[in-house]
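See below for entry10.pdb, which holds PDB, C-alpha atoms.
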ATOM      1  CA  MET A   1     -80.254-113.888 170.314  1.00  0.00           C
ATOM      2  CA  ASP A   2     -82.955-112.741 167.813  1.00  0.00           C
ATOM      3  CA  GLY A   3     -80.263-110.970 165.754  1.00  0.00           C
ATOM      4  CA  LEU A   4     -78.324-114.208 165.404  1.00  0.00           C
ATOM      5  CA  ALA A   5     -81.466-116.099 164.371  1.00  0.00           C
ATOM      6  CA  ASP A   6     -82.312-113.380 161.830  1.00  0.00           C
ATOM      7  CA  ASN A   7     -78.788-113.486 160.421  1.00  0.00           C
ATOM      8  CA  SER A   8     -78.936-117.289 160.191  1.00  0.00           C
ATOM      9  CA  THR A   9     -82.231-117.037 158.328  1.00  0.00           C
ATOM     10  CA  GLN A  10     -80.727-114.467 155.949  1.00  0.00           C
ATOM     11  CA  ALA A  11     -77.774-116.787 155.314  1.00  0.00           C
ATOM     12  CA  LEU A  12     -80.097-119.723 154.521  1.00  0.00           C
ATOM     13  CA  GLU A  13     -82.126-117.542 152.157  1.00  0.00           C
ATOM     14  CA  ALA A  14     -78.906-116.424 150.471  1.00  0.00           C
ATOM     15  CA  ILE A  15     -77.960-120.086 149.905  1.00  0.00           C
ATOM     16  CA  ARG A  16     -81.325-120.744 148.216  1.00  0.00           C
ATOM     17  CA  TYR A  17     -80.943-117.604 146.096  1.00  0.00           C
ATOM     18  CA  LEU A  18     -77.449-118.598 144.969  1.00  0.00           C
ATOM     19  CA  GLN A  19     -78.621-122.120 144.144  1.00  0.00           C
ATOM     20  CA  GLN A  20     -81.529-120.809 142.067  1.00  0.00           C
ATOM     21  CA  SER A  21     -79.391-118.283 140.222  1.00  0.00           C
ATOM     22  CA  GLY A  22     -76.722-120.865 139.455  1.00  0.00           C
ATOM     23  CA  ALA A  23     -73.993-118.726 141.011  1.00  0.00           C
ATOM     24  CA  LYS A  24     -70.990-120.320 142.613  1.00  0.00           C
ATOM     25  CA  ILE A  25     -71.641-121.004 146.297  1.00  0.00           C
ATOM     26  CA  THR A  26     -68.872-120.253 148.784  1.00  0.00           C
ATOM     27  CA  HIS A  27     -68.851-119.134 152.388  1.00  0.00           C
ATOM     28  CA  ALA A  28     -67.828-115.642 151.264  1.00  0.00           C
ATOM     29  CA  ALA A  29     -70.556-115.520 148.578  1.00  0.00           C
ATOM     30  CA  VAL A  30     -73.220-116.554 151.088  1.00  0.00           C
ATOM     31  CA  ALA A  31     -72.022-113.945 153.595  1.00  0.00           C
ATOM     32  CA  ARG A  32     -71.885-111.209 150.932  1.00  0.00           C
ATOM     33  CA  THR A  33     -75.332-112.072 149.553  1.00  0.00           C
ATOM     34  CA  ALA A  34     -76.905-112.274 153.025  1.00  0.00           C
ATOM     35  CA  GLY A  35     -75.131-109.138 154.235  1.00  0.00           C
ATOM     36  CA  VAL A  36     -73.713-110.924 157.272  1.00  0.00           C
ATOM     37  CA  SER A  37     -70.242-111.623 158.590  1.00  0.00           C
ATOM     38  CA  SER A  38     -68.448-114.588 157.040  1.00  0.00           C
ATOM     39  CA  TRP A  39     -67.849-116.081 160.497  1.00  0.00           C
ATOM     40  CA  LEU A  40     -71.583-116.756 160.663  1.00  0.00           C
ATOM     41  CA  THR A  41     -71.358-119.053 157.638  1.00  0.00           C
ATOM     42  CA  TYR A  42     -68.915-121.225 159.637  1.00  0.00           C
ATOM     43  CA  ALA A  43     -71.133-121.317 162.746  1.00  0.00           C
ATOM     44  CA  ASP A  44     -73.027-124.455 163.674  1.00  0.00           C
ATOM     45  CA  GLY A  45     -76.470-124.560 162.074  1.00  0.00           C
ATOM     46  CA  VAL A  46     -75.391-122.573 159.012  1.00  0.00           C
ATOM     47  CA  ARG A  47     -72.072-124.238 158.101  1.00  0.00           C
ATOM     48  CA  GLU A  48     -73.776-127.570 157.357  1.00  0.00           C
ATOM     49  CA  HIS A  49     -76.195-125.903 154.892  1.00  0.00           C
ATOM     50  CA  VAL A  50     -73.380-124.001 153.152  1.00  0.00           C
ATOM     51  CA  GLU A  51     -71.232-127.121 152.836  1.00  0.00           C
ATOM     52  CA  ALA A  52     -74.166-129.163 151.536  1.00  0.00           C
ATOM     53  CA  ALA A  53     -74.904-126.487 148.923  1.00  0.00           C
ATOM     54  CA  ILE A  54     -71.232-126.340 147.915  1.00  0.00           C
ATOM     55  CA  SER A  55     -71.001-130.112 147.496  1.00  0.00           C
ATOM     56  CA  GLY A  56     -74.312-130.179 145.606  1.00  0.00           C
ATOM     57  CA  GLN A  57     -73.394-127.643 142.959  1.00  0.00           C
ATOM     58  CA  VAL A  58     -72.414-128.820 139.520  1.00  0.00           C
ATOM     59  CA  PRO A  59     -69.223-127.221 138.328  1.00  0.00           C
ATOM     60  CA  PRO A  60     -69.628-125.627 134.921  1.00  0.00           C
ATOM     61  CA  ARG A  61     -67.568-127.107 132.105  1.00  0.00           C
ATOM     62  CA  PRO A  62     -65.176-124.467 130.998  1.00  0.00           C
ATOM     63  CA  SER A  63     -64.622-124.061 127.299  1.00  0.00           C
ATOM     64  CA  ARG A  64     -61.149-123.723 125.861  1.00  0.00           C
ATOM     65  CA  ARG A  65     -61.718-120.012 125.431  1.00  0.00           C
ATOM     66  CA  ASP A  66     -62.793-119.687 129.095  1.00  0.00           C
ATOM     67  CA  ASN A  67     -59.580-121.415 130.183  1.00  0.00           C
ATOM     68  CA  SER A  68     -57.343-118.888 128.471  1.00  0.00           C
ATOM     69  CA  ALA A  69     -59.378-116.012 129.876  1.00  0.00           C
ATOM     70  CA  SER A  70     -59.344-117.680 133.264  1.00  0.00           C
ATOM     71  CA  SER A  71     -55.571-118.169 133.140  1.00  0.00           C
ATOM     72  CA  THR A  72     -55.028-114.544 132.186  1.00  0.00           C
ATOM     73  CA  SER A  73     -57.530-113.440 134.771  1.00  0.00           C
ATOM     74  CA  LEU A  74     -55.859-115.595 137.382  1.00  0.00           C
ATOM     75  CA  ARG A  75     -52.437-114.173 136.519  1.00  0.00           C
ATOM     76  CA  VAL A  76     -53.763-110.622 136.817  1.00  0.00           C
ATOM     77  CA  ASP A  77     -55.511-111.472 140.082  1.00  0.00           C
ATOM     78  CA  LEU A  78     -52.317-113.060 141.359  1.00  0.00           C
ATOM     79  CA  GLU A  79     -50.244-110.011 140.471  1.00  0.00           C
ATOM     80  CA  LEU A  80     -52.828-107.696 142.054  1.00  0.00           C
ATOM     81  CA  ALA A  81     -52.826-109.853 145.197  1.00  0.00           C
ATOM     82  CA  ARG A  82     -49.013-109.773 145.318  1.00  0.00           C
ATOM     83  CA  GLU A  83     -49.019-105.993 144.961  1.00  0.00           C
ATOM     84  CA  GLU A  84     -51.635-105.695 147.713  1.00  0.00           C
ATOM     85  CA  ILE A  85     -49.526-107.948 149.946  1.00  0.00           C
ATOM     86  CA  ARG A  86     -46.456-105.761 149.309  1.00  0.00           C
ATOM     87  CA  LYS A  87     -48.438-102.635 150.197  1.00  0.00           C
ATOM     88  CA  LEU A  88     -49.878-104.219 153.328  1.00  0.00           C
ATOM     89  CA  ARG A  89     -46.453-105.419 154.466  1.00  0.00           C
ATOM     90  CA  ALA A  90     -44.988-101.951 153.937  1.00  0.00           C
ATOM     91  CA  GLU A  91     -47.899-100.413 155.843  1.00  0.00           C
ATOM     92  CA  ARG A  92     -47.511-102.973 158.643  1.00  0.00           C
ATOM     93  CA  ASP A  93     -43.782-102.257 158.902  1.00  0.00           C
ATOM     94  CA  GLN A  94     -44.408 -98.511 159.028  1.00  0.00           C
ATOM     95  CA  LEU A  95     -47.075 -98.937 161.698  1.00  0.00           C
ATOM     96  CA  GLN A  96     -44.715-101.112 163.751  1.00  0.00           C
ATOM     97  CA  ARG A  97     -41.958 -98.485 163.489  1.00  0.00           C
ATOM     98  CA  ASN A  98     -44.382 -95.737 164.521  1.00  0.00           C
ATOM     99  CA  ALA A  99     -45.695 -97.811 167.425  1.00  0.00           C
ATOM    100  CA  ARG A 100     -42.160 -98.558 168.653  1.00  0.00           C
ATOM    101  CA  LEU A 101     -41.177 -94.902 168.381  1.00  0.00           C
ATOM    102  CA  HIS A 102     -44.314 -93.740 170.180  1.00  0.00           C
ATOM    103  CA  LEU A 103     -43.958 -96.377 172.890  1.00  0.00           C
ATOM    104  CA  GLY A 104     -40.305 -95.438 173.378  1.00  0.00           C
ATOM    105  CA  GLN A 105     -41.236 -91.782 173.778  1.00  0.00           C
ATOM    106  CA  GLN A 106     -43.932 -92.667 176.287  1.00  0.00           C
ATOM    107  CA  LEU A 107     -41.529 -94.841 178.262  1.00  0.00           C
ATOM    108  CA  ASP A 108     -38.927 -92.071 178.247  1.00  0.00           C
ATOM    109  CA  GLN A 109     -41.427 -89.497 179.522  1.00  0.00           C
ATOM    110  CA  ILE A 110     -43.236 -91.697 182.012  1.00  0.00           C
ATOM    111  CA  GLY A 111     -40.115 -93.552 183.093  1.00  0.00           C
ATOM    112  CA  ALA A 112     -38.060 -90.441 183.798  1.00  0.00           C
ATOM    113  CA  ALA A 113     -40.829 -88.751 185.788  1.00  0.00           C
ATOM    114  CA  ASP A 114     -41.619 -91.907 187.756  1.00  0.00           C
ATOM    115  CA  LEU A 115     -37.961 -92.639 188.403  1.00  0.00           C
ATOM    116  CA  THR A 116     -37.294 -89.097 189.609  1.00  0.00           C
ATOM    117  CA  THR A 117     -40.250 -89.284 191.980  1.00  0.00           C
ATOM    118  CA  ARG A 118     -39.195 -92.724 193.219  1.00  0.00           C
ATOM    119  CA  VAL A 119     -35.582 -91.620 193.782  1.00  0.00           C
ATOM    120  CA  HIS A 120     -36.833 -88.604 195.759  1.00  0.00           C
ATOM    121  CA  GLU A 121     -39.083 -90.854 197.888  1.00  0.00           C
ATOM    122  CA  LEU A 122     -36.234 -93.289 198.507  1.00  0.00           C
ATOM    123  CA  ASN A 123     -33.861 -90.465 199.505  1.00  0.00           C
ATOM    124  CA  GLN A 124     -36.459 -89.152 201.953  1.00  0.00           C
ATOM    125  CA  SER A 125     -36.917 -92.612 203.432  1.00  0.00           C
ATOM    126  CA  LYS A 126     -33.148 -93.029 203.705  1.00  0.00           C
ATOM    127  CA  ALA A 127     -32.775 -89.710 205.529  1.00  0.00           C
ATOM    128  CA  GLU A 128     -35.593 -90.617 207.935  1.00  0.00           C
ATOM    129  CA  LEU A 129     -34.086 -94.049 208.612  1.00  0.00           C
ATOM    130  CA  GLU A 130     -30.613 -92.569 209.166  1.00  0.00           C
ATOM    131  CA  ALA A 131     -32.063 -90.072 211.673  1.00  0.00           C
ATOM    132  CA  LEU A 132     -33.920 -92.894 213.434  1.00  0.00           C
ATOM    133  CA  LEU A 133     -30.718 -94.975 213.487  1.00  0.00           C
ATOM    134  CA  ARG A 134     -28.737 -92.085 215.031  1.00  0.00           C
ATOM    135  CA  ALA A 135     -31.420 -91.580 217.681  1.00  0.00           C
ATOM    136  CA  LYS A 136     -31.574 -95.289 218.528  1.00  0.00           C
ATOM    137  CA  THR A 137     -27.751 -95.528 218.596  1.00  0.00           C
ATOM    138  CA  ALA A 138     -27.590 -92.575 221.009  1.00  0.00           C
ATOM    139  CA  GLU A 139     -30.324 -94.149 223.129  1.00  0.00           C
ATOM    140  CA  THR A 140     -28.475 -97.495 223.138  1.00  0.00           C
ATOM    141  CA  ASP A 141     -25.206 -95.798 224.091  1.00  0.00           C
ATOM    142  CA  GLY A 142     -26.990 -93.960 226.920  1.00  0.00           C
ATOM    143  CA  LEU A 143     -28.550 -97.176 228.170  1.00  0.00           C
ATOM    144  CA  ALA A 144     -25.211 -98.993 227.979  1.00  0.00           C
ATOM    145  CA  HIS A 145     -23.606 -96.202 230.030  1.00  0.00           C
ATOM    146  CA  ARG A 146     -26.450 -96.384 232.549  1.00  0.00           C
ATOM    147  CA  VAL A 147     -26.042-100.173 232.816  1.00  0.00           C
ATOM    148  CA  THR A 148     -22.318 -99.694 233.511  1.00  0.00           C
ATOM    149  CA  GLU A 149     -23.103 -97.118 236.229  1.00  0.00           C
ATOM    150  CA  LEU A 150     -25.660 -99.458 237.807  1.00  0.00           C
ATOM    151  CA  GLU A 151     -23.199-102.360 237.725  1.00  0.00           C
ATOM    152  CA  ASP A 152     -20.594-100.164 239.435  1.00  0.00           C
ATOM    153  CA  GLU A 153     -23.146 -99.107 242.087  1.00  0.00           C
ATOM    154  CA  LEU A 154     -24.160-102.734 242.616  1.00  0.00           C
ATOM    155  CA  THR A 155     -20.529-103.782 243.022  1.00  0.00           C
ATOM    156  CA  ALA A 156     -19.962-100.947 245.503  1.00  0.00           C
ATOM    157  CA  ALA A 157     -23.116-101.897 247.422  1.00  0.00           C
ATOM    158  CA  ARG A 158     -22.018-105.542 247.613  1.00  0.00           C
ATOM    159  CA  THR A 159     -18.566-104.515 248.861  1.00  0.00           C
ATOM    160  CA  SER A 160     -20.105-102.222 251.437  1.00  0.00           C
ATOM    161  CA  LEU A 161     -22.518-104.971 252.531  1.00  0.00           C
ATOM    162  CA  ARG A 162     -19.635-107.443 252.970  1.00  0.00           C
ATOM    163  CA  HIS A 163     -17.753-104.941 255.135  1.00  0.00           C
ATOM    164  CA  MET A 164     -20.828-104.342 257.260  1.00  0.00           C
ATOM    165  CA  ILE A 165     -21.428-108.066 257.671  1.00  0.00           C
ATOM    166  CA  LYS A 166     -17.740-108.572 258.636  1.00  0.00           C
ATOM    167  CA  ASN A 167     -17.853-105.709 261.112  1.00  0.00           C
ATOM    168  CA  GLN A 168     -21.039-106.969 262.658  1.00  0.00           C
ATOM    169  CA  SER A 169     -19.669-110.489 262.857  1.00  0.00           C
ATOM    170  CA  LYS A 170     -16.585-109.181 264.719  1.00  0.00           C
ATOM    171  CA  GLY A 171     -18.779-107.158 267.060  1.00  0.00           C
ATOM    172  CA  VAL A 172     -21.026-110.128 267.902  1.00  0.00           C
ATOM    173  CA  ALA A 173     -17.997-112.396 268.423  1.00  0.00           C
ATOM    174  CA  SER A 174     -16.279-109.906 270.803  1.00  0.00           C
ATOM    175  CA  SER A 175     -19.448-109.393 272.851  1.00  0.00           C
ATOM    176  CA  THR A 176     -19.846-113.010 273.589  1.00  0.00           C
TER     177      THR A 176
END
Structure encoded using structure tokens:
Amino acid sequence: MDGLADNSTQALEAIRYLQQSGAKITHAAVARTAGVSSWLTYADGVREHVEAAISGQVPPRPSRRDNSASSTSLRVDLELAREEIRKLRAERDQLQRNARLHLGQQLDQIGAADLTTRVHELNQSKAELEALLRAKTAETDGLAHRVTELEDELTAARTSLRHMIKNQSKGVASST
């Protein structure tokens, strides 16, 4: 927090210096003079002082000679700015191409390795599940066969029980 207070103080001192020297006051000029970031000149507590100093300055009256020099200077500045913009756009485009190329290479390398590993894992899981399915199918078939055997035994036992009951009923009826 002390660093921010020190920077704010430096910005306020820079405003006073620029006012005393008669230099044009702008946010950039205050930041440059104070040796701080320009964002600080837009922060609350500093912005108000900068804006008050800007509105309080008296614009110099340009002479006719200054206007022609200013127009030429402005044209040169404009052309230099346009050239800088062209260079920056070309650099940006090149950086985007390089980034895309690099990212594509990374995706190819990482993607292929990851996909190969994942396919291998999935094939292993498939083989394990197929083996488990075969075992469970065999177990189910065995249990179904056992159920059929038990049903047959139960049917035979019921038939045998009916015959025994009939025979006993005949024997009790003839003894009476």
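With atom CA of A:Gln109 on one side and atom CA of A:Leu95 on the other, the separation reads 20.9 Å.
Here, the PyMOL selection byres ((chain A and resi 9) around 12) matches Asp2, Gly3, Leu4, Ala5, Asp6, Asn7, Ser8, Gln10, Ala11, Leu12, Glu13, Ala14, Ile15, Arg16, Val30, Ala31, Ala34, Gly35, Val36, Leu40, Thr41, Gly45, Val46 and His49 of chain A.
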Extending 5 Å beyond the listed atoms of stretch 124-133 of chain A on each side, what axis-aligned box results? I want centre and edge lengths in Å to one decimal, as JSON.
{"center_x": -33.8, "center_y": -92.1, "center_z": 207.7, "size_x": 16.3, "size_y": 15.8, "size_z": 21.5}
Which value, in Å to one decimal, gives the distance between atom CA of A:Arg89 and atom CA of A:Ser70?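 Atom-to-atom, atom CA of A:Arg89 to atom CA of A:Ser70, that is 27.7 Å.
Distance-wise, atom CA of A:Glu91 and atom CA of A:Leu107 end up 24.0 Å apart.
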Note to self: Please enumerate the residues selected by the PyMOL selection byres ((chain A and resi 24) around 12) when evaluated against the supplied file, formatted as a ChimeraX atom specification.
What the structure shows: /A:14-23,25-30,33,50,53-60
